[in-house]
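**Q** Take this structure first; my questions come after.
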Amino acid sequence: MQWFTARLAPVRGRGAVSSRLFALALFAAGGALGSFVPAHAQDAVAGKQVFEANCRPCHSARPNRNRVGPTLFGVVGRKAGSISDFYYTDAMRNSSLVWTPEQLLIYVGNPHKVVPGTRMSFPGLRSDADKKNLIAFLETLHS
Ligand code: HEC
């Protein structure tokens with residue numbers, strides 16, 4: 001029996017390599033065709049990681065779930081300070097901002113500069129790629 005498992009193992013190993021190659025080939029084909037996975041979808045996948053690492057400690061991505069901060073579900077296009085059961089600072093509620101993708105891009109880089117007096121204790125993201133990807137992810141959070 002031992003020879004049998006010993007022979008099987010390398011076969012399984014090769015199988016794994018070839019499926020990885022297959023995935024790589026699909027990926028390359030996708031790149032070549034341009035439309036296999038829209039660039040924006042790839043940004044959103046990367047952006048989810050940025051969200052998990054930086055925003056998720058205080059914000060939920062699900063509807064009607066406020067944490068330390070208000071839910072970010074549906075945030076793109078929303079008026080600042082407008083979740084009715086969240087207790088905002090006056091600074092945020094009276095900011096008269098609308099969370100367009102462009103406005104969010106500036107905000108996540110330096111929240112305290114955009115909304116002086118906000119309670120959001122987050123210094124800001126530095127990387128432009130992270131910011132861009134994060135906004136692409138936030139844009140997926142709607143019904
Ligand atoms: C330490 C907790 C904390 C972290 C981390 C944090 N936030 Fe916040 N956020 C808050 C709080 C609290 C508020 C409410 C601020 C106020 O009322 O002044 C807020 C408000 C916001 C708002 C305004 C929402 C609205 O309804 O007007 C946006 C947009 C936002 N945060 C985005 C983010 C993003 C994106 C990240 C990650 C890059 C992030 N926040 C990280 C705590 C946090």
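Chain identifiers are assigned as A, B, and so on, following the order in which chains appear in the structure tokens; residues are numbered from 1 within each chain, and ligands are numbered from 1 in order of appearance.
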Which protein, DNA or RNA residues have an atom within 7 Å of ligand 1, counting only C-alpha atoms and all ligand atoms, as a ChimeraX atom specification?

**A** /A:51,54-59,68-70,72,75,79-83,87-89,91-93,99,104,108,117-122,124-125

**Q** Neighbouring residues of region 127-140 of chain A were defined as those with any atom within 8 Å, considering only C-alpha atoms; residues of the same chain fewer than 6 positions away were excluded. Please report them as a list in words.

**A**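 So the residues in contact are His40, Ala41, Asp43, Ala44, Val45, Ala46, Gly47, Lys48, Val50, Phe51, Leu72, Phe73, Gly74, Val75, Val76, Pro101, Leu104, Leu105, Val108 and Gly109 of chain A.
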
**Q** Using only C-alpha atoms, can you tell me which of A:Leu97, A:Ile106, A:Val114, A:Val37 comes closest to Arg126 (chain A)?

**A** A:Ile106

**Q** As a list in words, please: the residues near Pro123 (chain A) (cut-off 8 Å, only C-alpha atoms, same-chain neighbours under 4 positions excluded).

**A**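 Answer for this query is Gly109, Asn110, Pro111 and His112 of chain A.
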
**Q** Among region 31-113 of chain A, which ones does DSSP assign to alpha helix (DSSP H) (computed from the backbone)? Answer as a ChimeraX atom specification.

**A** /A:31-33,39-54,90-93,101-109,111-113

**Q** What's the separation between CA of Glu52 (chain A) and CA of Asn64 (chain A), in Å to one decimal place?

**A**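 Taking CA of Glu52 (chain A) as the start and CA of Asn64 (chain A) as the end point, the length is 18.2 Å.
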
**Q** Quick check, in Å to one decimal: how far apart do CA of Ser84 (chain A) and CA of Pro116 (chain A) lie?

**A**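 Pair CA of Ser84 (chain A) / CA of Pro116 (chain A) returns 21.4 Å.
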